[in-house]
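S.K.: My file is final.cif. It has mmCIF, C-alpha atoms and all ligand atoms:
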data_coords
loop_
_atom_site.label_atom_id
_atom_site.label_comp_id
_atom_site.auth_asym_id
_atom_site.auth_seq_id
_atom_site.Cartn_x
_atom_site.Cartn_y
_atom_site.Cartn_z
CA MET A 1 15.16 227.30 -24.94
CA LYS A 2 11.78 225.87 -25.85
CA GLY A 3 10.54 227.27 -29.15
CA ALA A 4 7.36 226.49 -31.04
CA THR A 5 4.29 225.02 -29.40
CA THR A 6 3.97 222.08 -31.80
CA ASP A 7 5.95 218.91 -31.16
CA LYS A 8 8.48 219.21 -33.92
CA MET A 9 11.40 216.84 -34.30
CA HIS A 10 14.06 218.04 -36.73
CA THR A 11 16.52 216.07 -38.83
CA SER A 12 18.81 213.76 -36.93
CA VAL A 13 22.43 213.73 -38.12
CA THR A 14 25.23 211.31 -37.23
CA ALA A 15 28.84 212.33 -37.73
CA GLU A 16 32.18 210.70 -37.03
CA ALA A 17 35.49 212.35 -36.12
CA HIS A 18 38.88 210.96 -35.23
CA ALA A 19 41.12 211.97 -32.35
CA ASN A 20 44.37 213.76 -33.11
CA ILE A 21 47.68 213.94 -31.30
CA ALA A 22 49.62 217.19 -31.26
CA LEU A 23 53.21 216.88 -32.46
CA ILE A 24 53.73 220.56 -31.61
CA LYS A 25 51.59 221.16 -28.54
CA TYR A 26 48.86 223.64 -27.75
CA TRP A 27 49.08 224.64 -24.08
CA GLY A 28 47.69 227.97 -22.85
CA LYS A 29 44.93 230.31 -24.02
CA ARG A 30 44.95 233.83 -25.40
CA SER A 31 41.26 234.16 -24.65
CA THR A 32 39.32 231.87 -22.36
CA ASP A 33 35.97 233.36 -23.44
CA LEU A 34 36.57 232.62 -27.11
CA ASN A 35 38.79 229.61 -26.39
CA LEU A 36 41.58 230.99 -28.55
CA PRO A 37 44.96 229.31 -28.11
CA ALA A 38 48.03 231.25 -26.95
CA VAL A 39 50.16 229.21 -29.37
CA GLY A 40 49.69 227.44 -32.71
CA SER A 41 49.98 223.66 -32.90
CA ILE A 42 50.50 220.87 -35.44
CA SER A 43 48.81 217.49 -35.17
CA LEU A 44 48.33 214.08 -36.69
CA THR A 45 44.77 212.72 -36.91
CA LEU A 46 44.51 209.01 -36.00
CA ASP A 47 42.45 206.36 -37.74
CA ASP A 48 41.95 204.08 -34.74
CA LEU A 49 40.44 206.48 -32.15
CA LYS A 50 37.07 207.90 -33.01
CA THR A 51 33.83 209.42 -31.75
CA GLU A 52 30.44 208.96 -33.36
CA THR A 53 27.80 211.53 -32.43
CA THR A 54 24.12 211.87 -33.32
CA VAL A 55 22.32 215.19 -32.82
CA SER A 56 18.63 215.92 -33.21
CA PHE A 57 16.90 219.14 -32.21
CA SER A 58 13.31 219.11 -30.99
CA ASP A 59 10.98 222.05 -30.35
CA ASP A 60 9.33 219.96 -27.70
CA LEU A 61 12.30 219.64 -25.34
CA ASP A 62 12.63 221.82 -22.24
CA SER A 63 16.35 221.14 -21.94
CA ASP A 64 19.18 219.43 -23.76
CA ARG A 65 19.97 215.77 -23.17
CA PHE A 66 23.39 214.22 -23.50
CA GLU A 67 24.29 210.55 -23.48
CA LEU A 68 27.93 209.48 -23.57
CA ASN A 69 28.75 205.80 -24.19
CA GLY A 70 25.16 204.90 -23.26
CA GLN A 71 25.16 206.81 -19.94
CA GLN A 72 23.15 209.98 -19.33
CA VAL A 73 25.41 212.94 -18.50
CA ASP A 74 24.23 215.86 -16.32
CA GLY A 75 25.99 218.76 -14.56
CA ASP A 76 29.18 220.24 -16.05
CA GLY A 77 29.36 217.70 -18.88
CA LEU A 78 25.87 218.61 -20.09
CA GLU A 79 26.51 222.33 -19.53
CA ARG A 80 29.57 222.18 -21.81
CA ILE A 81 27.49 220.63 -24.60
CA SER A 82 24.65 223.15 -24.14
CA SER A 83 27.00 226.16 -24.24
CA PHE A 84 28.58 224.77 -27.36
CA LEU A 85 25.19 224.39 -29.08
CA ASP A 86 24.35 227.99 -28.13
CA TYR A 87 27.21 229.20 -30.38
CA LEU A 88 25.48 227.66 -33.35
CA HIS A 89 22.14 229.23 -32.79
CA GLU A 90 21.12 232.65 -33.98
CA GLY A 91 18.07 234.27 -32.39
CA PRO A 92 16.70 234.29 -28.86
CA GLU A 93 15.51 230.73 -28.45
CA ARG A 94 16.79 227.50 -29.78
CA PRO A 95 15.17 224.08 -29.75
CA GLY A 96 16.47 221.54 -27.24
CA ALA A 97 18.87 218.90 -28.46
CA ILE A 98 19.35 215.21 -27.94
CA VAL A 99 23.05 214.38 -28.28
CA LYS A 100 24.26 210.78 -28.23
CA SER A 101 27.96 210.18 -28.42
CA ASN A 102 30.16 207.08 -28.36
CA ASN A 103 33.94 206.87 -28.10
CA ASN A 104 35.76 203.69 -29.06
CA PHE A 105 38.48 204.50 -26.46
CA PRO A 106 38.71 205.77 -22.82
CA THR A 107 37.17 209.22 -22.26
CA GLY A 108 39.02 212.07 -20.50
CA ALA A 109 42.19 210.07 -19.96
CA GLY A 110 44.60 212.02 -22.14
CA LEU A 111 43.60 210.26 -25.35
CA ALA A 112 42.13 213.34 -27.04
CA SER A 113 38.47 212.41 -26.53
CA SER A 114 37.52 216.10 -26.42
CA ALA A 115 39.17 216.61 -29.83
CA SER A 116 37.21 213.89 -31.61
CA GLY A 117 34.15 214.59 -29.44
CA PHE A 118 33.75 218.28 -30.25
CA ALA A 119 34.72 217.81 -33.90
CA ALA A 120 31.98 215.15 -34.28
CA LEU A 121 29.55 217.40 -32.39
CA ALA A 122 30.37 220.44 -34.57
CA VAL A 123 29.76 218.49 -37.78
CA SER A 124 26.56 216.75 -36.62
CA ALA A 125 25.04 219.75 -34.81
CA ALA A 126 25.73 222.22 -37.65
CA SER A 127 24.10 219.91 -40.15
CA ALA A 128 21.16 219.10 -37.84
CA ALA A 129 20.65 222.86 -37.43
CA GLY A 130 20.44 223.16 -41.24
CA LYS A 131 23.73 225.04 -41.64
CA GLU A 132 26.14 224.35 -44.45
CA LEU A 133 29.51 225.33 -43.05
CA SER A 134 32.92 225.20 -44.74
CA LYS A 135 35.69 223.12 -43.14
CA LYS A 136 37.23 226.32 -41.79
CA GLU A 137 33.93 227.37 -40.23
CA LEU A 138 33.44 223.90 -38.74
CA SER A 139 36.97 224.03 -37.36
CA ALA A 140 36.39 227.43 -35.75
CA LEU A 141 33.12 226.11 -34.30
CA ALA A 142 34.77 222.94 -32.93
CA ARG A 143 37.38 225.15 -31.24
CA TYR A 144 34.73 226.66 -28.96
CA GLY A 145 34.28 223.19 -27.48
CA SER A 146 37.95 222.28 -27.28
CA GLY A 147 40.99 223.90 -28.89
CA SER A 148 42.37 220.58 -30.11
CA ALA A 149 39.00 219.71 -31.72
CA ALA A 150 39.60 222.37 -34.39
CA ARG A 151 42.33 220.09 -35.81
CA SER A 152 40.15 216.93 -35.85
CA ILE A 153 37.97 218.40 -38.61
CA TYR A 154 40.87 217.50 -40.92
CA GLY A 155 42.59 214.21 -41.64
CA GLY A 156 46.35 213.63 -41.68
CA PHE A 157 48.49 216.59 -40.61
CA ALA A 158 46.69 219.77 -39.50
CA GLU A 159 47.83 223.08 -38.12
CA MET A 160 46.00 225.33 -35.71
CA GLU A 161 47.09 228.83 -36.43
CA CYS A 162 47.49 231.44 -33.79
CA GLN A 163 46.56 234.70 -35.38
CA ASP A 164 43.61 236.81 -34.50
CA THR A 165 42.44 238.26 -37.78
CA GLY A 166 39.23 239.45 -36.15
CA SER A 167 37.20 237.42 -38.64
CA ALA A 168 34.53 234.89 -37.69
CA ASN A 169 36.94 232.08 -38.55
CA SER A 170 39.94 233.31 -36.61
CA GLY A 171 41.04 230.49 -34.41
CA ALA A 172 40.50 227.77 -36.98
CA ALA A 173 42.86 225.02 -38.07
CA LYS A 174 43.84 224.18 -41.64
CA SER A 175 44.96 221.04 -43.41
CA LEU A 176 48.67 220.58 -44.09
CA TYR A 177 48.55 217.13 -45.73
CA ASP A 178 45.81 214.53 -45.90
CA HIS A 179 45.97 211.05 -44.38
CA ASN A 180 47.47 209.46 -47.51
CA TYR A 181 50.50 211.75 -47.50
CA TRP A 182 52.86 209.70 -45.32
CA ASP A 183 52.56 206.13 -44.08
CA ILE A 184 53.76 206.39 -40.49
CA ARG A 185 52.48 204.85 -37.27
CA LEU A 186 51.57 206.14 -33.85
CA LEU A 187 51.56 203.52 -31.12
CA ILE A 188 49.66 204.35 -27.94
CA ALA A 189 50.60 202.75 -24.65
CA VAL A 190 47.56 203.14 -22.38
CA THR A 191 49.00 203.13 -18.85
CA SER A 192 45.71 204.06 -17.13
CA SER A 193 42.16 204.43 -18.38
CA GLN A 194 41.12 206.48 -15.31
CA LYS A 195 39.78 209.99 -15.88
CA LYS A 196 42.54 212.54 -15.22
CA ASP A 197 42.43 214.66 -12.03
CA VAL A 198 43.19 217.97 -13.71
CA SER A 199 41.58 218.71 -17.09
CA SER A 200 43.61 220.21 -19.95
CA THR A 201 41.65 223.46 -19.62
CA GLU A 202 42.39 223.80 -15.91
CA GLY A 203 45.99 222.63 -16.35
CA MET A 204 46.82 225.06 -19.11
CA ASN A 205 45.15 227.99 -17.35
CA ARG A 206 47.07 227.23 -14.15
CA THR A 207 50.30 226.98 -16.15
CA ALA A 208 49.70 230.27 -17.98
CA ASN A 209 48.95 232.04 -14.70
CA THR A 210 51.75 230.65 -12.56
CA ALA A 211 54.58 228.98 -14.52
CA PRO A 212 57.63 231.26 -14.77
CA TYR A 213 58.62 230.19 -18.30
CA PHE A 214 55.23 230.64 -19.93
CA LYS A 215 56.32 233.73 -21.88
CA SER A 216 59.25 231.94 -23.50
CA TRP A 217 57.03 228.96 -24.33
CA VAL A 218 54.78 231.32 -26.31
CA GLN A 219 57.73 233.13 -27.93
CA GLU A 220 59.49 229.96 -29.09
CA GLN A 221 56.45 228.28 -30.58
CA ALA A 222 56.69 230.02 -33.99
CA GLN A 223 60.14 228.49 -34.55
CA ASP A 224 59.00 224.99 -33.52
CA LEU A 225 56.00 225.25 -35.84
CA SER A 226 58.10 226.40 -38.76
CA ASP A 227 60.70 223.64 -38.17
CA MET A 228 57.93 221.05 -37.96
CA ARG A 229 56.27 222.28 -41.17
CA SER A 230 59.61 221.90 -43.00
CA ALA A 231 60.33 218.47 -41.46
CA ILE A 232 56.91 217.14 -42.52
CA ALA A 233 57.30 218.67 -46.01
CA GLU A 234 60.65 216.87 -46.36
CA LYS A 235 59.28 213.68 -44.78
CA ASP A 236 62.29 213.81 -42.46
CA PHE A 237 61.15 211.24 -39.90
CA GLU A 238 63.98 211.77 -37.40
CA LYS A 239 63.47 215.54 -37.44
CA VAL A 240 59.69 215.19 -36.98
CA GLY A 241 60.36 212.81 -34.08
CA GLU A 242 62.96 215.01 -32.42
CA LEU A 243 60.74 218.12 -32.65
CA THR A 244 57.75 216.12 -31.36
CA GLU A 245 59.65 214.99 -28.26
CA HIS A 246 61.04 218.47 -27.69
CA SER A 247 57.58 220.08 -27.76
CA CYS A 248 56.23 217.40 -25.43
CA PHE A 249 58.94 217.80 -22.78
CA LYS A 250 58.84 221.57 -23.06
CA MET A 251 55.09 221.51 -22.36
CA HIS A 252 55.38 219.07 -19.47
CA GLY A 253 58.40 220.92 -17.99
CA LEU A 254 56.31 224.06 -18.07
CA ALA A 255 53.33 222.32 -16.45
CA MET A 256 55.59 220.91 -13.73
CA ALA A 257 56.72 224.47 -12.97
CA ALA A 258 53.11 225.60 -12.36
CA ARG A 259 51.91 226.29 -8.80
CA PRO A 260 50.76 223.85 -7.55
CA PRO A 261 52.74 221.66 -9.95
CA LEU A 262 51.12 219.52 -12.60
CA LEU A 263 52.43 216.02 -13.21
CA TYR A 264 50.31 213.95 -15.56
CA TRP A 265 52.61 210.91 -15.58
CA ASN A 266 52.60 207.65 -13.59
CA ASP A 267 55.36 205.05 -12.99
CA THR A 268 54.55 203.22 -16.21
CA THR A 269 54.74 206.47 -18.19
CA ILE A 270 58.33 206.90 -17.01
CA LYS A 271 59.26 203.26 -17.69
CA THR A 272 57.86 203.65 -21.20
CA ILE A 273 59.84 206.85 -21.82
CA HIS A 274 63.04 204.97 -20.93
CA ALA A 275 62.07 202.03 -23.13
CA VAL A 276 61.66 204.40 -26.09
CA TRP A 277 65.04 205.97 -25.44
CA ASP A 278 66.64 202.50 -25.13
CA LEU A 279 65.18 201.54 -28.49
CA ARG A 280 66.71 204.66 -30.01
CA LYS A 281 70.10 203.73 -28.55
CA GLN A 282 69.72 200.45 -30.45
CA GLY A 283 69.18 202.41 -33.66
CA ILE A 284 65.36 202.17 -33.90
CA PRO A 285 63.85 205.54 -34.84
CA VAL A 286 60.97 205.84 -32.37
CA TYR A 287 59.96 209.09 -30.67
CA LEU A 288 57.39 209.84 -28.01
CA THR A 289 54.84 212.41 -27.01
CA ILE A 290 52.49 212.69 -24.02
CA ASP A 291 49.37 214.83 -23.56
CA ALA A 292 47.53 215.85 -20.39
CA GLY A 293 47.44 212.29 -19.11
CA PRO A 294 49.75 209.31 -18.47
CA GLN A 295 49.54 207.63 -21.90
CA VAL A 296 52.65 207.50 -24.05
CA LYS A 297 52.26 207.96 -27.80
CA MET A 298 55.11 206.81 -30.00
CA LEU A 299 55.86 207.70 -33.59
CA CYS A 300 57.59 205.02 -35.62
CA LYS A 301 57.88 203.68 -39.14
CA PRO A 302 55.58 200.80 -40.20
CA ALA A 303 58.55 198.40 -40.46
CA ASP A 304 59.52 199.04 -36.81
CA VAL A 305 56.09 198.48 -35.21
CA LYS A 306 56.89 194.85 -34.38
CA VAL A 307 60.15 195.53 -32.56
CA VAL A 308 58.65 198.50 -30.65
CA ARG A 309 55.67 196.36 -29.61
CA GLN A 310 58.01 193.60 -28.40
CA ALA A 311 59.96 196.04 -26.24
CA LEU A 312 56.77 197.53 -24.76
CA GLU A 313 55.23 194.13 -24.02
CA THR A 314 57.89 193.61 -21.33
CA ILE A 315 56.66 196.66 -19.36
CA ASN A 316 54.29 195.89 -16.49
CA GLY A 317 51.50 198.43 -16.27
CA ILE A 318 50.77 198.97 -19.96
CA GLU A 319 47.06 198.10 -20.09
CA GLN A 320 46.62 198.33 -23.81
CA LEU A 321 48.68 199.03 -26.88
CA ARG A 322 46.99 200.57 -29.89
CA CYS A 323 48.56 201.10 -33.26
CA CYS A 324 47.20 203.95 -35.38
CA LYS A 325 47.72 205.06 -38.95
CA PRO A 326 47.06 208.63 -40.08
CA GLY A 327 43.29 209.08 -39.94
CA PRO A 328 40.67 210.68 -42.20
CA PRO A 329 38.75 213.94 -41.73
CA ALA A 330 35.49 214.30 -39.80
CA LYS A 331 32.42 213.45 -41.86
CA ILE A 332 28.66 213.01 -41.82
CA LYS A 333 27.73 209.33 -41.69
CA SER A 334 23.96 209.50 -41.99
CA THR A 335 21.00 211.88 -41.97
CA ASN A 336 17.47 210.82 -41.03
C1 LIG B 1 48.01 218.56 -24.17
O1 LIG B 1 42.03 220.96 -26.52
O2 LIG B 1 41.68 219.55 -24.46
O3 LIG B 1 46.41 217.67 -25.67
O4 LIG B 1 40.77 223.89 -25.43
O5 LIG B 1 40.77 223.72 -22.95
O6 LIG B 1 39.48 222.05 -24.29
P1 LIG B 1 40.69 222.97 -24.25
O7 LIG B 1 41.96 222.03 -24.25
P2 LIG B 1 42.30 220.75 -25.09
O8 LIG B 1 43.87 220.70 -24.84
C2 LIG B 1 44.74 219.86 -25.50
C3 LIG B 1 46.07 219.91 -24.86
C4 LIG B 1 47.06 218.86 -25.31
C5 LIG B 1 47.90 219.38 -26.47
C6 LIG B 1 47.24 219.45 -27.81
O9 LIG B 1 46.36 218.61 -28.14
O10 LIG B 1 47.65 220.33 -28.60
#
Re-express the file's structure as structure tokens.
M.R.:
Amino acid sequence: MKGATTDKMHTSVTAEAHANIALIKYWGKRSTDLNLPAVGSISLTLDDLKTETTVSFSDDLDSDRFELNGQQVDGDGLERISSFLDYLHEGPERPGAIVKSNNNFPTGAGLASSASGFAALAVSAASAAGKELSKKELSALARYGSGSAARSIYGGFAEMECQDTGSANSGAAKSLYDHNYWDIRLLIAVTSSQKKDVSSTEGMNRTANTAPYFKSWVQEQAQDLSDMRSAIAEKDFEKVGELTEHSCFKMHGLAMAARPPLLYWNDTTIKTIHAVWDLRKQGIPVYLTIDAGPQVKMLCKPADVKVVRQALETINGIEQLRCCKPGPPAKIKSTN
């Protein structure tokens, strides 16, 4: 890893990226080596949840260093960052890197910290390495760190495509609409800020290898994606909500059918699901989705935020309620 003999500190770049929530879920990989998804996905980037990452390379470092939320990270966490940085580097040796990252929300708890984390890392590391990459190239790079991170390069609605064109950018996401396209809200009920027991990577690999319905999940995804694209184009809120819930329960049903089974929910998750359905019975258009963790994310219109909040405030076990608008794309904040 160590390069030149002189102590040479390179440019330090800080970038910011926002988390995104999949409305049509990615679950399962076509290639674990290249981290290519088995299915496409469609997401909404969120303004309120973000990661800020600073990267500087130094010829004088024997190994990479990684600090997350002020704490030094070693072992697997550091290894994941180092392998990611290796993708960027051409040639036999690369300088060591100092990576400092901060999330403004719980890490590894099903709140898409790997999406914002690897998108911010892709943008800051590419720039610190002196590379000028297009959005598509940054998205393909972010994907090596985490599939969902490919979507966080973009603001608003993004789609991760699932076609292997054989090009360097295959496995990249694209923008559908930017964050000013549609003023909707995503409320997040945090029911636990503990790190999850089974990571998304492990969960989706176990599901792909053991769940009996995995093949139909893959086959049906094209229809869900096409329906979602149309629903967003028509700004049909109820349709977007219905498809979002369907994709969520299909993914979790599939994960529950893995061996051993995967259940990411807790008691409060289930109480919140019922609260959302009760609100719908009262005529409030609110729809939910859940990722690989116990948090419940709810889509609603701005005018209904108050009534949804009031209903959720009665549920014991919700630790925090966050209200997000569509968020902007990843960007460089400063270069020193
Ligand atoms: C349930 O992107 O975290 O949030 O590519 O293995 O890092 P890896 O997985 P990751 O999985 C996200 C899964 C999900 C659905 C989604 O965001 O599409």
S.K.: I'd like the neighbourhood of Val296 in chain A as a PyMOL selection string, where a residue qualifies if any of its atoms comes within 6 Å (using only C-alpha atoms), though same-chain residues fewer than 2 positions away should be ignored.
M.R.: chain A and resi 188-189+290
S.K.: Just C-alpha atoms for this one: save the residues we selected as a PDB file, in the frame of the given file.
M.R.:
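Printed below is out.pdb as written:
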ATOM      1  CA  ILE A 188      49.660 204.350 -27.940  1.00  0.00           C
ATOM      2  CA  ALA A 189      50.600 202.750 -24.650  1.00  0.00           C
ATOM      3  CA  ILE A 290      52.490 212.690 -24.020  1.00  0.00           C
TER       4      ILE A 290
END
S.K.: Around the point (52.5, 213.0, -14.9), in the coordinates given by the file, pick out the residues reaching within 7 Å, counting all atoms listed in the file, and return them as a PyMOL selection string.
M.R.: chain A and resi 263-266+293-294
S.K.: Can you work out which one of A:Lys50, A:Lys100, A:Arg229, A:Arg94 has the shortest atom-to-atom distance to Ser12 in chain A, counting only C-alpha atoms?
M.R.: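 Between A:Lys50, A:Lys100, A:Arg229, A:Arg94, the residue approaching Ser12 in chain A most closely is A:Lys100.
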S.K.: Skipping near chain neighbours, those fewer than 4 positions away, what residues fall within 9 Å of range 321-323 of chain A using all atoms listed in the file, listed as a list in words?
M.R.: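 Those residues are Asp48, Arg185, Leu186, Leu187, Ile188, Ala189, Val190, Val305, Arg309, Leu312 and Glu313 of chain A.
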S.K.: Counting all atoms listed in the file, which residue out of A:Leu138, A:Leu299, A:Ala311, A:Leu254 sits closest to Tyr213 in chain A?
M.R.: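 Residue with the minimum atom-to-atom distance to Tyr213 in chain A: A:Leu254.
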S.K.: Residues within 6 Å of ligand LIG 1 (chain B) should be enumerated using only C-alpha atoms and all ligand atoms and returned as a VMD selection string.
M.R.: chain A and resid 21 to 22 25 to 27 41 114 146 to 148 200 to 201 291 to 292
S.K.: Restricting the calculation to all atoms listed in the file: of A:Ala149, A:Ala208, A:Ile98, A:Leu44, which residue gets closest to Arg30 in chain A?
M.R.: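 Among A:Ala149, A:Ala208, A:Ile98, A:Leu44, it is A:Ala208 that comes nearest to Arg30 in chain A.
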S.K.: List as a ChimeraX atom specification the protein and nucleic acid residues near Ala233 in chain A, meaning an atom at most 10 Å away when only C-alpha atoms are counted, but skip any in the same chain fewer than 4 places from it.
M.R.: /A:176-177,181,227-229,240
S.K.: Could you tell me how far CA of Phe157 in chain A lies from CA of Thr45 in chain A, in Å and to one decimal?
M.R.: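 Between CA of Phe157 in chain A and CA of Thr45 in chain A the gap is 6.5 Å.
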S.K.: Go through A:Pro260, A:Gly96, A:Pro212, A:Pro328 and flag the residue nearest Asp62 in chain A, using only C-alpha atoms for the distances.
M.R.: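 Among A:Pro260, A:Gly96, A:Pro212, A:Pro328, it is A:Gly96 that comes nearest to Asp62 in chain A.
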S.K.: One decimal, Å: what's the distance from CA of Ser127 in chain A over to CA of Ser199 in chain A, could you say?
M.R.: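 Distance between the two atoms: 29.0 Å.
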S.K.: Which is closer to Thr51 in chain A than all the others in A:Asp86, A:Glu132, A:Asp64, A:Glu16, using only C-alpha atoms?
M.R.: A:Glu16
S.K.: Env of Gly155 in chain A: 12 Å cut, atoms = only C-alpha atoms, seq-sep filter 4 positions within chain, self excluded. Answer as number ranges by chain.
M.R.: A: 16-21, 43-47, 116, 119, 135, 149-151, 159, 173-182, 325-331
S.K.: Could you please take those selected residues and save C-alpha atoms as a PDB file, in the frame of the given file?
M.R.:
ATOM      1  CA  GLU A  16      32.180 210.700 -37.030  1.00  0.00           C
ATOM      2  CA  ALA A  17      35.490 212.350 -36.120  1.00  0.00           C
ATOM      3  CA  HIS A  18      38.880 210.960 -35.230  1.00  0.00           C
ATOM      4  CA  ALA A  19      41.120 211.970 -32.350  1.00  0.00           C
ATOM      5  CA  ASN A  20      44.370 213.760 -33.110  1.00  0.00           C
ATOM      6  CA  ILE A  21      47.680 213.940 -31.300  1.00  0.00           C
ATOM      7  CA  SER A  43      48.810 217.490 -35.170  1.00  0.00           C
ATOM      8  CA  LEU A  44      48.330 214.080 -36.690  1.00  0.00           C
ATOM      9  CA  THR A  45      44.770 212.720 -36.910  1.00  0.00           C
ATOM     10  CA  LEU A  46      44.510 209.010 -36.000  1.00  0.00           C
ATOM     11  CA  ASP A  47      42.450 206.360 -37.740  1.00  0.00           C
ATOM     12  CA  SER A 116      37.210 213.890 -31.610  1.00  0.00           C
ATOM     13  CA  ALA A 119      34.720 217.810 -33.900  1.00  0.00           C
ATOM     14  CA  LYS A 135      35.690 223.120 -43.140  1.00  0.00           C
ATOM     15  CA  ALA A 149      39.000 219.710 -31.720  1.00  0.00           C
ATOM     16  CA  ALA A 150      39.600 222.370 -34.390  1.00  0.00           C
ATOM     17  CA  ARG A 151      42.330 220.090 -35.810  1.00  0.00           C
ATOM     18  CA  GLU A 159      47.830 223.080 -38.120  1.00  0.00           C
ATOM     19  CA  ALA A 173      42.860 225.020 -38.070  1.00  0.00           C
ATOM     20  CA  LYS A 174      43.840 224.180 -41.640  1.00  0.00           C
ATOM     21  CA  SER A 175      44.960 221.040 -43.410  1.00  0.00           C
ATOM     22  CA  LEU A 176      48.670 220.580 -44.090  1.00  0.00           C
ATOM     23  CA  TYR A 177      48.550 217.130 -45.730  1.00  0.00           C
ATOM     24  CA  ASP A 178      45.810 214.530 -45.900  1.00  0.00           C
ATOM     25  CA  HIS A 179      45.970 211.050 -44.380  1.00  0.00           C
ATOM     26  CA  ASN A 180      47.470 209.460 -47.510  1.00  0.00           C
ATOM     27  CA  TYR A 181      50.500 211.750 -47.500  1.00  0.00           C
ATOM     28  CA  TRP A 182      52.860 209.700 -45.320  1.00  0.00           C
ATOM     29  CA  LYS A 325      47.720 205.060 -38.950  1.00  0.00           C
ATOM     30  CA  PRO A 326      47.060 208.630 -40.080  1.00  0.00           C
ATOM     31  CA  GLY A 327      43.290 209.080 -39.940  1.00  0.00           C
ATOM     32  CA  PRO A 328      40.670 210.680 -42.200  1.00  0.00           C
ATOM     33  CA  PRO A 329      38.750 213.940 -41.730  1.00  0.00           C
ATOM     34  CA  ALA A 330      35.490 214.300 -39.800  1.00  0.00           C
ATOM     35  CA  LYS A 331      32.420 213.450 -41.860  1.00  0.00           C
TER      36      LYS A 331
END
